[in-house]
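Everything on this sheet refers to the single structure shown next.
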Amino acid sequence: MYEQPQRPEKQPDRAERPDQAEQPDQTERPDQAEQQDHGPLAGFTVGVTAARRADELGALLQRRGAVVLHAPALRIVPLADDSELLAATKQLLGQAPDIVVATTAIGFRGWVEAADGWGLGEDLLAMLRGVELLARGPKVKGAVRAQGLTEEWSPSSESMAEVLDRLLDEGVEGRRIAIQLHGEPLPGFVESLRAAGAEVVGVPVYRWMAPEDIGPLDRLLDATVSRGVDALTFTSAPAAASLLGRADERGLLPELLTALGHDVLPVCVGPVTALPLQARGIDTVQPERFRLGPLVQVLCKELPSRARTLPIAGYQVAIRGHAVLVDDALRPVPPAGMSLMRALSRRPGWVVSRAELLRALPGAGKDEHAVETAMARLRTALGTPKLIQTVVKRGYRLALDPSADSKYADV
């Protein structure tokens, strides 16, 4: 249990009193270089599940100060080796569709390139010139036009729901529609068209499969359930489904869902990507524009805003994933120290017993000396010993500034 601070009978020295904490000496203040040498994601660890464009996403995150833990949740089957795509292409060349829906730029380009490799490129382009070609969004539109084709229509929202609405409004009964799949079967989309009387042919432009080396994904999964990452990013629905499936195989699904629901921020590039997580009751954060840049911007806004900031001993102290900002100086802290810091911050200014802190330490035994050792390392890492006060025979507390007492008394 946390104990509320009590007024001692004998007045302690001024430096020991939380209600009259001295301002730290100027020599204790972080220097200017430390204050400026970090980005908005400094002190946070972000997991990346992408197989494609992972390097680009990782670089964007690292430039903003994040530590990146990358583990591809799946791999892509090379298009030229995909017998399913070859069979679908021959089927469409043998019986041309009325409508073709292109859903991703990389998939459309890959389809044409694969057809070229099979000697069917010109035939495919000729077929596409004679159909109603719909492009989901500006990037797909660019890929279509790069092949000398012209799309009939493209939604401003980049939403497959808007594409479906247009098709249903036009009427699809008796029409043959080819849909370029983008890693998942789009069952709701396809079923709606079939229910309205359309014949639907799926074009599996690329297929997702489990990664050849499952080790990195398992390590990312372990880090997530142990709160070793602050956020997980997803750029495709299959990646989200793969992580959930692997967690289920290992018996870790309940722990993963708890982590994503409370402590680890799940960030998806768009609503389609979020569907497997939402089906499990997990709320996700998404950018307004479904791109990597806006995804990173969302992280830069959300993670710092979720970090708790407290006025302690004259400093503004922000507790991040694996570091603490003391004013604007970034102080990396070992995992055991971060566990202690979080335990103390749950009731700032209140005494937390050694027994309570011992339970907060990862893998701790029964020896309370482990708390003293971890606390000494934490104080060293923070670079400002006055942030944490020792209360003799009782435990430790954060030296909360007097003006904050009422604000945080019932936290």
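Chains: A, B, ... in order of the structure tokens. Residues: from 1 per chain. Ligands: from 1, in order shown.
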
| request: Write out as a PyMOL selection string the residues lying within 10 Å of A:Arg394, counting only C-alpha atoms and excluding same-chain residues fewer than 3 positions away. | output: chain A and resi 3+351-355+390-391+397

| field | One-decimal distance in Å that lies between atom CA of A:Gln297 and atom CA of A:Leu60 | value | 9.7 Å

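Across the model, the gap from atom CA of A:Leu244 to atom CA of A:Arg280 is 9.2 Å.
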
| request: Could you give me the residues within stretch 92-280 of chain A that DSSP places in strand (DSSP E or B), as a PyMOL selection string? | output: chain A and resi 99-102+132-135+153+176-181+199-204+208-209+231-234+265-268
